[in-house]
>>> print(open('protein.pdb').read())   # PDB, C-alpha atoms, pLDDT in the B column
MODEL        1
ATOM      1  CA  MET A   1      -8.624  79.028-112.241  1.00 60.00           C
ATOM      2  CA  PRO A   2      -6.164  77.419-109.750  1.00 63.00           C
ATOM      3  CA  GLU A   3      -7.225  74.504-107.657  1.00 63.00           C
ATOM      4  CA  SER A   4      -6.799  75.259-103.964  1.00 64.00           C
ATOM      5  CA  ARG A   5      -5.804  71.675-103.168  1.00 68.00           C
ATOM      6  CA  ASN A   6      -2.628  71.948-105.223  1.00 66.00           C
ATOM      7  CA  ARG A   7      -1.471  75.367-104.058  1.00 64.00           C
ATOM      8  CA  HIS A   8       1.502  75.639-101.721  1.00 64.00           C
ATOM      9  CA  LYS A   9       0.876  77.096 -98.286  1.00 64.00           C
ATOM     10  CA  HIS A  10       2.667  80.119 -96.938  1.00 65.00           C
ATOM     11  CA  HIS A  11       5.816  79.558 -94.917  1.00 61.00           C
ATOM     12  CA  HIS A  12       4.309  80.559 -91.607  1.00 62.00           C
ATOM     13  CA  HIS A  13       1.715  77.760 -91.903  1.00 57.00           C
ATOM     14  CA  HIS A  14       4.298  74.982 -92.048  1.00 55.00           C
ATOM     15  CA  GLN A  15       5.284  73.047 -88.964  1.00 58.00           C
ATOM     16  CA  PRO A  16       9.031  73.016 -88.206  1.00 58.00           C
ATOM     17  CA  VAL A  17      10.659  69.946 -89.678  1.00 57.00           C
ATOM     18  CA  SER A  18      14.140  70.469 -88.324  1.00 58.00           C
ATOM     19  CA  PRO A  19      15.012  68.930 -84.931  1.00 57.00           C
ATOM     20  CA  HIS A  20      16.593  72.265 -83.985  1.00 59.00           C
ATOM     21  CA  HIS A  21      13.143  73.758 -83.508  1.00 53.00           C
ATOM     22  CA  THR A  22      11.848  71.159 -81.067  1.00 56.00           C
ATOM     23  CA  ARG A  23      12.223  71.568 -77.341  1.00 57.00           C
ATOM     24  CA  THR A  24      14.455  69.111 -75.564  1.00 58.00           C
ATOM     25  CA  LYS A  25      13.575  67.691 -72.189  1.00 62.00           C
ATOM     26  CA  VAL A  26      15.858  68.659 -69.360  1.00 63.00           C
ATOM     27  CA  LYS A  27      17.177  65.663 -67.496  1.00 70.00           C
ATOM     28  CA  ARG A  28      16.494  66.106 -63.835  1.00 72.00           C
ATOM     29  CA  SER A  29      18.660  64.474 -61.234  1.00 83.00           C
ATOM     30  CA  ALA A  30      17.520  63.007 -57.945  1.00 86.00           C
ATOM     31  CA  ALA A  31      21.059  63.187 -56.573  1.00 90.00           C
ATOM     32  CA  PHE A  32      20.894  66.920 -55.848  1.00 92.00           C
ATOM     33  CA  VAL A  33      17.454  66.771 -54.236  1.00 92.00           C
ATOM     34  CA  VAL A  34      18.319  63.812 -52.018  1.00 93.00           C
ATOM     35  CA  ALA A  35      21.662  65.424 -51.077  1.00 94.00           C
ATOM     36  CA  VAL A  36      19.935  68.604 -49.899  1.00 94.00           C
ATOM     37  CA  ILE A  37      17.297  66.699 -47.938  1.00 95.00           C
ATOM     38  CA  THR A  38      19.839  64.466 -46.199  1.00 96.00           C
ATOM     39  CA  ALA A  39      22.094  67.458 -45.484  1.00 96.00           C
ATOM     40  CA  ILE A  40      19.208  69.111 -43.651  1.00 96.00           C
ATOM     41  CA  LEU A  41      18.457  65.830 -41.879  1.00 97.00           C
ATOM     42  CA  GLY A  42      22.132  65.432 -40.910  1.00 95.00           C
ATOM     43  CA  LEU A  43      22.157  69.002 -39.643  1.00 95.00           C
ATOM     44  CA  ALA A  44      19.075  68.347 -37.506  1.00 96.00           C
ATOM     45  CA  VAL A  45      20.397  65.088 -36.072  1.00 95.00           C
ATOM     46  CA  THR A  46      23.736  66.702 -35.249  1.00 95.00           C
ATOM     47  CA  TYR A  47      22.028  69.667 -33.600  1.00 95.00           C
ATOM     48  CA  PHE A  48      19.914  67.428 -31.375  1.00 95.00           C
ATOM     49  CA  THR A  49      22.832  65.177 -30.407  1.00 95.00           C
ATOM     50  CA  ARG A  50      25.779  67.606 -30.129  1.00 93.00           C
ATOM     51  CA  GLY A  51      24.101  70.953 -29.511  1.00 90.00           C
ATOM     52  CA  ASP A  52      25.011  74.139 -31.319  1.00 89.00           C
ATOM     53  CA  ASP A  53      28.708  73.381 -31.830  1.00 91.00           C
ATOM     54  CA  VAL A  54      29.464  74.867 -35.276  1.00 93.00           C
ATOM     55  CA  TYR A  55      32.191  72.385 -36.160  1.00 95.00           C
ATOM     56  CA  SER A  56      29.918  69.415 -35.445  1.00 94.00           C
ATOM     57  CA  LEU A  57      27.046  70.984 -37.404  1.00 95.00           C
ATOM     58  CA  VAL A  58      29.242  71.457 -40.483  1.00 95.00           C
ATOM     59  CA  ILE A  59      30.504  67.870 -40.268  1.00 95.00           C
ATOM     60  CA  GLY A  60      26.939  66.541 -39.835  1.00 95.00           C
ATOM     61  CA  ALA A  61      25.586  68.524 -42.783  1.00 95.00           C
ATOM     62  CA  ALA A  62      28.514  67.572 -45.033  1.00 96.00           C
ATOM     63  CA  SER A  63      28.272  63.882 -44.195  1.00 96.00           C
ATOM     64  CA  GLY A  64      24.515  63.950 -44.794  1.00 96.00           C
ATOM     65  CA  ALA A  65      25.011  65.648 -48.163  1.00 95.00           C
ATOM     66  CA  ILE A  66      27.658  63.137 -49.250  1.00 96.00           C
ATOM     67  CA  ILE A  67      25.512  60.164 -48.250  1.00 95.00           C
ATOM     68  CA  GLY A  68      22.476  61.715 -49.939  1.00 95.00           C
ATOM     69  CA  TYR A  69      24.408  62.341 -53.150  1.00 94.00           C
ATOM     70  CA  PHE A  70      25.432  58.703 -53.441  1.00 95.00           C
ATOM     71  CA  VAL A  71      21.926  57.480 -52.608  1.00 94.00           C
ATOM     72  CA  GLY A  72      20.422  59.840 -55.211  1.00 93.00           C
ATOM     73  CA  ARG A  73      22.979  58.794 -57.811  1.00 92.00           C
ATOM     74  CA  SER A  74      22.132  55.143 -57.280  1.00 92.00           C
ATOM     75  CA  MET A  75      18.440  56.031 -57.658  1.00 91.00           C
ATOM     76  CA  ASP A  76      19.202  57.761 -60.970  1.00 89.00           C
ATOM     77  CA  LYS A  77      21.140  54.745 -62.211  1.00 90.00           C
ATOM     78  CA  SER A  78      18.357  52.326 -61.289  1.00 89.00           C
ATOM     79  CA  ILE A  79      15.782  54.492 -63.081  1.00 85.00           C
ATOM     80  CA  GLU A  80      17.949  54.647 -66.218  1.00 84.00           C
ATOM     81  CA  LYS A  81      18.209  50.846 -66.359  1.00 83.00           C
ATOM     82  CA  LYS A  82      14.438  50.449 -66.682  1.00 75.00           C
TER      83      LYS A  82
ENDMDL
END
>>> encode(input="protein.pdb", output="structure tokens")
Amino acid sequence: MPESRNRHKHHHHHQPVSPHHTRTKVKRSAAFVVAVITAILGLAVTYFTRGDDVYSLVIGAASGAIIGYFVGRSMDKSIEKK
């Protein structure tokens, strides 16, 4: 009679050993989030200061997005150092 402790298990009972079967974490960036938030803030500030001039609104939103991107990128770099 076979001893159950020495028998091999079926393949569907094994846990995956290969790293190809594990889920990888997606790296999330703060640069995009901060860029969107500051673009909206730049749009709002430009609207309240210059009115509804389309050219000024585009410039305000673009400058806010650029500033926000660099601020978010520096936040990402400081988090990676720790």
>>> resolve_selection(input="protein.pdb", expression="the PyMOL selection byres ((chain A and resi 59) around 12)", output="list in words")
Ala39, Ile40, Gly42, Leu43, Ala44, Val45, Thr46, Tyr47, Arg50, Asp53, Val54, Tyr55, Ser56, Leu57, Val58, Gly60, Ala61, Ala62, Ser63, Gly64, Ala65 and Ile66 of chain A
>>> write_last_selection(input="protein.pdb", atoms="C-alpha atoms", output="PDB file, in the frame of the given file")
ATOM      1  CA  ALA A  39      22.094  67.458 -45.484  1.00 96.00           C
ATOM      2  CA  ILE A  40      19.208  69.111 -43.651  1.00 96.00           C
ATOM      3  CA  GLY A  42      22.132  65.432 -40.910  1.00 95.00           C
ATOM      4  CA  LEU A  43      22.157  69.002 -39.643  1.00 95.00           C
ATOM      5  CA  ALA A  44      19.075  68.347 -37.506  1.00 96.00           C
ATOM      6  CA  VAL A  45      20.397  65.088 -36.072  1.00 95.00           C
ATOM      7  CA  THR A  46      23.736  66.702 -35.249  1.00 95.00           C
ATOM      8  CA  TYR A  47      22.028  69.667 -33.600  1.00 95.00           C
ATOM      9  CA  ARG A  50      25.779  67.606 -30.129  1.00 93.00           C
ATOM     10  CA  ASP A  53      28.708  73.381 -31.830  1.00 91.00           C
ATOM     11  CA  VAL A  54      29.464  74.867 -35.276  1.00 93.00           C
ATOM     12  CA  TYR A  55      32.191  72.385 -36.160  1.00 95.00           C
ATOM     13  CA  SER A  56      29.918  69.415 -35.445  1.00 94.00           C
ATOM     14  CA  LEU A  57      27.046  70.984 -37.404  1.00 95.00           C
ATOM     15  CA  VAL A  58      29.242  71.457 -40.483  1.00 95.00           C
ATOM     16  CA  GLY A  60      26.939  66.541 -39.835  1.00 95.00           C
ATOM     17  CA  ALA A  61      25.586  68.524 -42.783  1.00 95.00           C
ATOM     18  CA  ALA A  62      28.514  67.572 -45.033  1.00 96.00           C
ATOM     19  CA  SER A  63      28.272  63.882 -44.195  1.00 96.00           C
ATOM     20  CA  GLY A  64      24.515  63.950 -44.794  1.00 96.00           C
ATOM     21  CA  ALA A  65      25.011  65.648 -48.163  1.00 95.00           C
ATOM     22  CA  ILE A  66      27.658  63.137 -49.250  1.00 96.00           C
TER      23      ILE A  66
END
>>> atom_distance(input="protein.pdb", atom1="CA of Gly72 (chain A)", atom2="CA of Val34 (chain A)")
5.5 Å
>>> atom_distance(input="protein.pdb", atom1="CA of Ile37 (chain A)", atom2="CA of Gly68 (chain A)")
7.5 Å
>>> atom_distance(input="protein.pdb", atom1="CA of Phe48 (chain A)", atom2="CA of Met75 (chain A)")
28.7 Å
>>> axis_aligned_box(input="protein.pdb", around="region 25-36 of chain A", padding_each_side="3 Å", output="lines of an AutoDock Vina configuration file")
center_x = 17.6
center_y = 65.8
center_z = -61.0
size_x = 14.1
size_y = 11.7
size_z = 28.3
>>> decode(input="protein.pdb", residues="region 21-53 of chain A", atoms="C-alpha atoms", output="PDB file, in the first residue's frame")
ATOM      1  CA  HIS A  21       3.419  33.782 -13.201  1.00  0.00           C
ATOM      2  CA  THR A  22       3.640  36.455 -10.518  1.00  0.00           C
ATOM      3  CA  ARG A  23       1.983  39.814 -10.916  1.00  0.00           C
ATOM      4  CA  THR A  24       4.239  42.818 -11.175  1.00  0.00           C
ATOM      5  CA  LYS A  25       3.418  46.084  -9.490  1.00  0.00           C
ATOM      6  CA  VAL A  26       2.728  48.983 -11.788  1.00  0.00           C
ATOM      7  CA  LYS A  27       4.865  51.981 -10.990  1.00  0.00           C
ATOM      8  CA  ARG A  28       2.650  54.978 -10.561  1.00  0.00           C
ATOM      9  CA  SER A  29       3.917  58.452 -11.225  1.00  0.00           C
ATOM     10  CA  ALA A  30       3.030  61.583  -9.307  1.00  0.00           C
ATOM     11  CA  ALA A  31       4.194  63.754 -12.201  1.00  0.00           C
ATOM     12  CA  PHE A  32       1.043  63.196 -14.261  1.00  0.00           C
ATOM     13  CA  VAL A  33      -1.335  63.752 -11.348  1.00  0.00           C
ATOM     14  CA  VAL A  34       0.386  66.934 -10.194  1.00  0.00           C
ATOM     15  CA  ALA A  35       0.567  68.210 -13.800  1.00  0.00           C
ATOM     16  CA  VAL A  36      -3.189  67.803 -14.260  1.00  0.00           C
ATOM     17  CA  ILE A  37      -3.990  69.451 -10.931  1.00  0.00           C
ATOM     18  CA  THR A  38      -1.721  72.435 -11.574  1.00  0.00           C
ATOM     19  CA  ALA A  39      -3.041  72.771 -15.137  1.00  0.00           C
ATOM     20  CA  ILE A  40      -6.552  73.117 -13.732  1.00  0.00           C
ATOM     21  CA  LEU A  41      -5.260  75.547 -11.106  1.00  0.00           C
ATOM     22  CA  GLY A  42      -3.428  77.571 -13.780  1.00  0.00           C
ATOM     23  CA  LEU A  43      -6.584  77.609 -15.876  1.00  0.00           C
ATOM     24  CA  ALA A  44      -8.618  78.900 -12.928  1.00  0.00           C
ATOM     25  CA  VAL A  45      -6.107  81.592 -11.993  1.00  0.00           C
ATOM     26  CA  THR A  46      -5.880  82.758 -15.601  1.00  0.00           C
ATOM     27  CA  TYR A  47      -9.663  82.853 -15.930  1.00  0.00           C
ATOM     28  CA  PHE A  48     -10.051  84.989 -12.813  1.00  0.00           C
ATOM     29  CA  THR A  49      -7.248  87.383 -13.777  1.00  0.00           C
ATOM     30  CA  ARG A  50      -7.605  87.691 -17.576  1.00  0.00           C
ATOM     31  CA  GLY A  51     -11.224  86.737 -18.198  1.00  0.00           C
ATOM     32  CA  ASP A  52     -12.346  84.348 -20.896  1.00  0.00           C
ATOM     33  CA  ASP A  53      -9.620  85.146 -23.432  1.00  0.00           C
TER      34      ASP A  53
END
